[in-house]
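Colleague: Just dropping this structure here.
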Number of protein chains: 2
Amino acid sequence: MFDNIRWLIPTSKKTLPCGEESEIVVSSRIRVARNLNSIPFEVKMKASDAEYLIGLVKSIINERLAGEFLSLKDLKPLEKESLLECHLVSPGFIRKDKPASVFINEGGNVSVMVNEEDHLRYQGISCGLNLVNLSGAVFEVEEMIGDNVDYAFNDAYGYLTSCPTNIGTGMRASVFMHLPGLVFTNEVEKVLKGALQIGMAVRGIYGEGSEIRGSLFQISNQHTIGFREEDLLERTTKLAKMIIDIEKKARDVILTKARNEFEDKIFRSLAILRSARTISSGEVLNLLSAVRFGIGVGIVKEITLATLNEILVVSRPANIQLFFGELLEEQERDIKRAEYIRQKLGVN
Amino acid sequence: MFDNIRWLIPTSKKTLPCGEESEIVVSSRIRVARNLNSIPFEVKMKASDAEYLIGLVKSIINERLAGEFLSLKDLKPLEKESLLECHLVSPGFIRKDKPASVFINEGGNVSVMVNEEDHLRYQGISCGLNLVNLSGAVFEVEEMIGDNVDYAFNDAYGYLTSCPTNIGTGMRASVFMHLPGLVFTNEVEKVLKGALQIGMAVRGIYGEGSEIRGSLFQISNQHTIGFREEDLLERTTKLAKMIIDIEKKARDVILTKARNEFEDKIFRSLAILRSARTISSGEVLNLLSAVRFGIGVGIVKEITLATLNEILVVSRPANIQLFFGELLEEQERDIKRAEYIRQKLGVN
């Protein structure tokens, strides 16, 4: 039914190599908002403007870049969810009723949404702490299109955007960090408050209810105006590195004070992932968190972070259906997810 | 510190072979209460009477039966707890302050408490449904001593006991059953009520609080008077077989209606037992319950019930300390218990 899993597990090798500290930094992401002078901004945009823009961007990209264009209206609901789970589109994008399209490059790590909140939203994703390299890949596409269109730009403010919070650089750089050490030592709150004070936004990745799933946290630049892109990337990278240092110290504390408890958690988690016959995506997130920690501190040696990262993405509700190429009810999904994970980690 | 684990894992082969239906019946137990005419009953007994009785029983047994006498006052607290966990003595026995002793036969499956609530309490334990064979072993010892002493007996009532609830045969036959099927189909209550109506006592094996641990239930004869021993054993065995039949049907229902859910539970439980680095005895009971079910329905093939039964006994709080030969705090105990279980089940 769905033979298309090319954005789920890109076969192309043309992606960036993984960034630094990938046992703590799950992924780095960048998105850049741009609008064109020649077309009304989103609130005033007509369907014909939207169609025109899609055609224009398509013609520019098609000649210059390998990858594929997906038209929102042609996508099945499951495919939309999958693109969202892969962070290639935004929640706002898949809810659009005006014509919209997304371009995904060959490596599956850079995408361009056309007619999201802004005319153009460039997005990039990489594993590990990799903002500088990633920004290179994203701005290469941004500039390539910029050479052929006239971006809305104001000398005082910078790039103009639909929402004033994005004005200036139009750029948001995020780092997704796995911080079980800080959770254990109860330092999360302190660290996150400190980040807020220096103008960074931080949030836990929440699951159902308010529980923080898998000790995952996101830091990103709060302000887009008044800084150069390079400064924002540097500040975000610097903060990430600072948090990584504190996390590493916290991990040492764990290994001294609660080694048994954590070893137990790590080995049980891995055992459950390898043995479960039915498993929810929420539970997978928590178990992977423990295993990632185990890899980070050298207790788990036979599994790579790449395998873990793949499981993290493929086991999401829509992705697991695309992976097996069929629509699955929740119960079947949990069974297939368990099957996929057992296969990836070595069946017990 | 404790080199004595002979009652924990008897090396002698002189035990009964396991009884029937051992995947559902964890164990069969019999205890028989007897008193002597020549000595005041427990409430009026002096320490000197108690000492005399111990000496008398010892002299009778020593000449005729291989095994060992343990004097209550010589036992360390941990050893008392261990004997209790092995069902070789009763909770009342280890709390006695009058002189008391216990004889344990070579096979570790028959014991004689001297000066518990009654002068003599014969106890026997076997795996599987095995009341008839087990009663043979217990009454052999009861008769051997009876040939040398004068049991308190009344033609109208039968054997006289300290507590009127034991008068008559003085015998209580119990069967410990593992009934996850009935728990799943919500038939436990119905079955247990039916048992009560035909004069049998039934209770769940409770853990902390009121949760039923590991789907384990005990059925035993409620009345000891007005029946012959053979009748009581037959009635108890018959009820056990009836419950086994219902349990087997319930297991078929599970395998039809909730196979995935139960397979999941079974494989996860086995995986946790094989991987945990710290584990409580309560959790072990629950996990073993799932694995026992897995063996019973043929899903788990590589583990024997004998291994499971050994883990069930050895992983109890006092036994695990005797097994490792050292006094252990709760935390250390949980770690050592996990180590022992990994070793028994094959480390992952």
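Residue numbers start at 1 in each chain; chains themselves are named A, B, ... in the order of the structure tokens; ligands are numbered from 1 in the order shown.
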As JSON, numbers by chain, please: all residues of range 58-306 of chain B that backbone DSSP puts in strand (DSSP E).
Modeller: {"B": [67, 68, 69, 70, 71, 101, 102, 103, 104, 105, 110, 111, 112, 113, 114, 120, 121, 122, 123, 124, 125, 126, 127, 153, 154, 158, 159, 171, 172, 173, 174, 175, 176, 177, 178, 200, 201, 202, 203, 204, 205, 206, 212, 213, 214, 215, 216, 217, 218, 219, 220, 221]}
Colleague: Those selected residues, please, written with C-alpha atoms and delivered as a PDB file, in the first residue's frame.
Modeller:
```pdb
ATOM      1  CA  GLY B  67      17.892 -36.627  59.032  1.00  0.00           C
ATOM      2  CA  GLU B  68      18.743 -33.933  61.546  1.00  0.00           C
ATOM      3  CA  PHE B  69      17.394 -32.373  64.719  1.00  0.00           C
ATOM      4  CA  LEU B  70      17.544 -28.614  65.058  1.00  0.00           C
ATOM      5  CA  SER B  71      16.981 -27.044  68.436  1.00  0.00           C
ATOM      6  CA  SER B 101      12.925 -28.629  68.200  1.00  0.00           C
ATOM      7  CA  VAL B 102      12.377 -29.658  64.638  1.00  0.00           C
ATOM      8  CA  PHE B 103      13.433 -32.825  62.900  1.00  0.00           C
ATOM      9  CA  ILE B 104      13.990 -32.667  59.158  1.00  0.00           C
ATOM     10  CA  ASN B 105      14.313 -35.892  57.206  1.00  0.00           C
ATOM     11  CA  VAL B 110       9.140 -34.260  55.908  1.00  0.00           C
ATOM     12  CA  SER B 111       9.605 -32.449  59.200  1.00  0.00           C
ATOM     13  CA  VAL B 112       8.451 -32.985  62.765  1.00  0.00           C
ATOM     14  CA  MET B 113       8.013 -29.935  64.994  1.00  0.00           C
ATOM     15  CA  VAL B 114       8.206 -30.799  68.667  1.00  0.00           C
ATOM     16  CA  LEU B 120       3.988 -32.997  67.589  1.00  0.00           C
ATOM     17  CA  ARG B 121       3.315 -31.475  64.233  1.00  0.00           C
ATOM     18  CA  TYR B 122       4.232 -33.660  61.254  1.00  0.00           C
ATOM     19  CA  GLN B 123       4.646 -31.765  58.001  1.00  0.00           C
ATOM     20  CA  GLY B 124       5.250 -32.892  54.462  1.00  0.00           C
ATOM     21  CA  ILE B 125       5.744 -31.009  51.201  1.00  0.00           C
ATOM     22  CA  SER B 126       5.955 -32.175  47.598  1.00  0.00           C
ATOM     23  CA  CYS B 127       5.765 -30.500  44.230  1.00  0.00           C
ATOM     24  CA  PHE B 153      -7.140 -40.113  71.313  1.00  0.00           C
ATOM     25  CA  ASN B 154     -10.854 -40.110  72.090  1.00  0.00           C
ATOM     26  CA  GLY B 158     -10.546 -38.879  67.354  1.00  0.00           C
ATOM     27  CA  TYR B 159      -7.112 -37.341  67.981  1.00  0.00           C
ATOM     28  CA  MET B 171      -4.763 -33.319  59.508  1.00  0.00           C
ATOM     29  CA  ARG B 172      -4.700 -30.392  57.126  1.00  0.00           C
ATOM     30  CA  ALA B 173      -4.019 -31.114  53.474  1.00  0.00           C
ATOM     31  CA  SER B 174      -3.238 -28.126  51.245  1.00  0.00           C
ATOM     32  CA  VAL B 175      -2.697 -27.691  47.561  1.00  0.00           C
ATOM     33  CA  PHE B 176      -0.993 -24.556  46.241  1.00  0.00           C
ATOM     34  CA  MET B 177      -2.247 -23.761  42.799  1.00  0.00           C
ATOM     35  CA  HIS B 178      -1.170 -21.298  40.153  1.00  0.00           C
ATOM     36  CA  MET B 200     -12.909 -26.425  51.711  1.00  0.00           C
ATOM     37  CA  ALA B 201     -10.936 -23.343  52.677  1.00  0.00           C
ATOM     38  CA  VAL B 202      -9.426 -21.278  49.900  1.00  0.00           C
ATOM     39  CA  ARG B 203      -7.228 -18.229  50.051  1.00  0.00           C
ATOM     40  CA  GLY B 204      -5.049 -16.144  47.783  1.00  0.00           C
ATOM     41  CA  ILE B 205      -1.392 -15.886  48.659  1.00  0.00           C
ATOM     42  CA  TYR B 206      -1.157 -12.252  49.518  1.00  0.00           C
ATOM     43  CA  ILE B 212      -2.679 -11.242  45.161  1.00  0.00           C
ATOM     44  CA  ARG B 213       0.875 -12.212  44.346  1.00  0.00           C
ATOM     45  CA  GLY B 214       1.582 -14.264  41.301  1.00  0.00           C
ATOM     46  CA  SER B 215      -1.932 -15.743  40.890  1.00  0.00           C
ATOM     47  CA  LEU B 216      -1.216 -18.287  43.641  1.00  0.00           C
ATOM     48  CA  PHE B 217      -4.056 -19.826  45.641  1.00  0.00           C
ATOM     49  CA  GLN B 218      -4.224 -22.374  48.411  1.00  0.00           C
ATOM     50  CA  ILE B 219      -7.024 -24.852  48.889  1.00  0.00           C
ATOM     51  CA  SER B 220      -7.237 -26.990  52.007  1.00  0.00           C
ATOM     52  CA  ASN B 221      -9.722 -29.004  54.016  1.00  0.00           C
TER      53      ASN B 221
END
```
Colleague: Quick one: which chain A residues come within 12 Å of chain B, and what is the nearest atom pair for each with the distance in Å to one decimal, counting only C-alpha atoms, rows ordered by chain and ascending number, as CSV?
Modeller:
```
residue,atom,partner,partner_atom,distance
A:Ala258,CA,B:Gln331,CA,11.5
A:Arg259,CA,B:Arg277,CA,9.9
A:Asn260,CA,B:Arg277,CA,6.5
A:Glu261,CA,B:Thr278,CA,7.1
A:Phe262,CA,B:Arg277,CA,8.9
A:Glu263,CA,B:Arg277,CA,6.6
A:Asp264,CA,B:Arg277,CA,4.4
A:Lys265,CA,B:Ala276,CA,7.7
A:Ile266,CA,B:Ala276,CA,8.9
A:Phe267,CA,B:Ser275,CA,5.6
A:Arg268,CA,B:Ile272,CA,5.5
A:Ser269,CA,B:Ile272,CA,8.5
A:Leu270,CA,B:Ser275,CA,8.6
A:Ala271,CA,B:Ala271,CA,5.3
A:Ile272,CA,B:Arg268,CA,5.5
A:Leu273,CA,B:Arg268,CA,8.6
A:Arg274,CA,B:Ala271,CA,8.2
A:Ser275,CA,B:Arg268,CA,5.6
A:Ala276,CA,B:Asp264,CA,5.2
A:Arg277,CA,B:Asp264,CA,4.4
A:Thr278,CA,B:Asp264,CA,6.0
A:Ile279,CA,B:Asp264,CA,8.7
A:Gln331,CA,B:Asn260,CA,9.7
A:Glu332,CA,B:Asn260,CA,9.9
A:Asp334,CA,B:Asn260,CA,10.1
A:Ile335,CA,B:Asn260,CA,7.8
A:Lys336,CA,B:Asn260,CA,11.2
A:Ala338,CA,B:Asp264,CA,9.4
A:Glu339,CA,B:Asp264,CA,11.1
A:Arg342,CA,B:Phe267,CA,11.8
A:Val347,CA,B:Phe267,CA,11.2
A:Asn348,CA,B:Ala271,CA,8.2
```
Colleague: Deliver the residues from the most recent selection as a file, using C-alpha atoms, as a CSV table (one decimal), in the first residue's frame.
Modeller:
```csv
chain,number,residue,atom,x,y,z
A,258,ALA,CA,23.4,4.7,42.0
A,259,ARG,CA,25.3,2.4,39.6
A,260,ASN,CA,23.3,-0.7,40.5
A,261,GLU,CA,19.9,1.0,40.1
A,262,PHE,CA,20.9,2.4,36.7
A,263,GLU,CA,22.6,-0.8,35.5
A,264,ASP,CA,19.4,-2.5,36.4
A,265,LYS,CA,17.3,0.0,34.5
A,266,ILE,CA,19.5,-0.2,31.5
A,267,PHE,CA,19.6,-4.0,31.3
A,268,ARG,CA,15.9,-4.4,31.9
A,269,SER,CA,15.1,-1.8,29.3
A,270,LEU,CA,17.2,-3.5,26.7
A,271,ALA,CA,15.8,-6.9,27.6
A,272,ILE,CA,12.3,-5.6,27.3
A,273,LEU,CA,13.0,-4.0,23.9
A,274,ARG,CA,14.4,-7.3,22.8
A,275,SER,CA,11.6,-9.5,24.1
A,276,ALA,CA,8.3,-7.5,24.0
A,277,ARG,CA,5.6,-8.9,21.8
A,278,THR,CA,3.6,-5.7,22.0
A,279,ILE,CA,4.8,-2.2,22.8
A,331,GLN,CA,-3.1,-2.9,18.7
A,332,GLU,CA,-1.6,-4.3,15.5
A,334,ASP,CA,2.1,-2.2,18.9
A,335,ILE,CA,2.7,-5.8,17.8
A,336,LYS,CA,4.5,-4.8,14.6
A,338,ALA,CA,7.7,-4.9,18.9
A,339,GLU,CA,8.5,-7.2,16.0
A,342,ARG,CA,13.3,-7.3,18.2
A,347,VAL,CA,15.7,-11.3,18.8
A,348,ASN,CA,15.9,-13.1,22.2
```
Colleague: Contacts of range 33-39 of chain A at 10 Å or less, counting only C-alpha atoms, minus same-chain residues fewer than 4 places along, as an MDAnalysis selection string?
Modeller: chainID A and resid 44:46 49:50 52:53 112:123 142 146 149:153 159:163 166:172
Colleague: Using the chain letters and numbers from this document, which residues of range 59-303 of chain A does DSSP assign to alpha helix (DSSP H), as a PyMOL selection string?
Modeller: chain A and resi 59-64+77-85+91-94+131-146+180-184+188-197+229-257+259-275+281-296
Colleague: Please measure the separation of CA of Leu308 in chain A and CA of Val284 in chain A, giving the value in Å to one decimal.
Modeller: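 Separating CA of Leu308 in chain A from CA of Val284 in chain A is a distance of 10.4 Å.
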Colleague: My list of candidates is A:Leu72, A:Val32, A:Val132, A:Leu179. Which is closest to Gly92 in chain A when distances are computed with only C-alpha atoms?
Modeller: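 Using only C-alpha atoms, Gly92 in chain A sits closest to A:Leu72.
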Colleague: Extract, using only C-alpha atoms, all DNA, RNA and protein residues at most 9 Å from Glu85 in chain A, discarding same-chain residues fewer than 6 positions from it, and format them as JSON, numbers by chain.
Modeller: {"A": [313, 314, 316, 317, 318, 319]}
